[in-house]
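Here the structure comes first, spelled out in structure tokens, and everything after it is commentary.
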Amino acid sequence: MGSVRWAFRCGSWTPSRCDWLFAARCIQREEKERIGQFVFAKDAKKAMAGRLLLRRFVCERMGVPWSEFRLERSPRGKPYLAAPTKVSSGSGGAWSFNLSHQGDYAVLAAEQGLQVGVDIMKNTMPGSKSVSEFFRIMTRQFTAYEWSIIQSAAADHRQLAAFYRHWALKESFIKAIGTGLDFDLQRAEFHLPSEPPSQDQVLRQTKMHLDGKEEGDWIFEESLLDVDHHVAVALGPADKPDSAPRPSSLSPPTTFTLLSFSELVASASPLTEEDPAYWDSFEIKAEAPQRQRETHVSR
């Protein structure tokens, strides 16, 4: 079976006019318009990177020329290949793919013959709220057992790291099954191994209990992109009842490959004409935070 794990660091990406306009030409028109509606440049960059990751994957791994396919979203927001509807997948089975972007990165995970969901979380302090107040607001999202694990760490930053680790695991599962907000997060309880995730290797020892019973048909991969970004990948059975993943049948787990912008668009071809005004709009959004900082300092 095939396996893909790609990441792009949006936080440090400062696109030139040429790069941004070329990227905008290489995605579907409606996606370009949606990205253009973001208020903040950082959000537009994450969304753009996500669409480019998807198209690179379909082009390079599924073998469909860049300009000959169309991506759509399910009612729950999960991306899928709408056209062509049938793609030769070889002996490894049909591909499933999923995206996530949060913090400084956009990530893509894909697997042949299995359902896949991916989620990335950045370990950040909860703004104006204290950690205890933040946890109080989020109480209903975790089981009593999970809260005992999260709050067992002595320092606030370690508790937050455990919180975001559990959150990424739950989101990866929800995104794999495509249920969205209708799913009660307390139904899925995660039991973590004693070994913490790292940047150098991928853990597959985490277990999920679904409705109180250990679920053997799902495998979870955990790793770090850097010290602040935790990534979880959920791998589960596809439509066939005998397709539940087994560690022995999967490819060895690999860490996420960090792509440069030139690698991201290496196979790209334009879908639309160049729109110079698209850069003007993005540049205004990119400059706004700097102007706000300068105004704040001058006061």
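Just so we're on the same page: first chain in the structure tokens is A, next is B, and so on; residues restart at 1 for each chain, and ligands are numbered from 1 in the order they show up.
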*Counting only C-alpha atoms, what is within 8 Å of Phe220 in chain A, bar same-chain residues fewer than 2 positions away, as a PyMOL selection string?*
chain A and resi 169+203-207+218+222+232-235
*Please identify all polymer residues within 9 Å of range 16-30 of chain A, counting only C-alpha atoms, omitting same-chain residues fewer than 5 positions from it, and present them as an NGL selection string.*
:A and (35 or 48-49 or 51-52 or 55 or 66-67 or 70-71 or 261 or 265 or 268-276 or 278-280 or 282-283)
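If you count only C-alpha atoms and ignore residues fewer than 2 places along the chain from range 94-104 of chain A, what sits within 7 Å of it is Arg9, Cys10, Gly11, Lys46, Gly50, Pro79, Ser89, Gly92, Ala106, Val107, Leu108, Ala109, Ala110, Glu111, Gln112, Gly113, Leu114, Gln115, Val116, Gly117, Val118, Asp119, Ile120, Met121 and Lys122 of chain A.
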_His209 in chain A surroundings by only C-alpha atoms, 7 Å radius, close-in-sequence under 6 positions cut, as a count of residues only_ = 4
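For the pair CA of Glu31 in chain A and CA of Arg56 in chain A, the separation is 15.3 Å.
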So which residues touch Ile149 in chain A within 9 Å, counting only C-alpha atoms, skipping near sequence neighbours fewer than 4 positions away, as a PDB file with C-alpha atoms, in the first residue's frame?
```pdb
ATOM      1  CA  ALA A 144     -12.566  11.798  33.027  1.00  0.00           C
ATOM      2  CA  TYR A 145      -9.685   9.420  32.267  1.00  0.00           C
ATOM      3  CA  ALA A 153       1.618  17.080  34.445  1.00  0.00           C
ATOM      4  CA  GLN A 159      -0.653  20.109  30.481  1.00  0.00           C
ATOM      5  CA  ALA A 162      -1.076  16.814  26.555  1.00  0.00           C
ATOM      6  CA  PHE A 163      -4.357  18.619  25.832  1.00  0.00           C
TER       7      PHE A 163
END
```
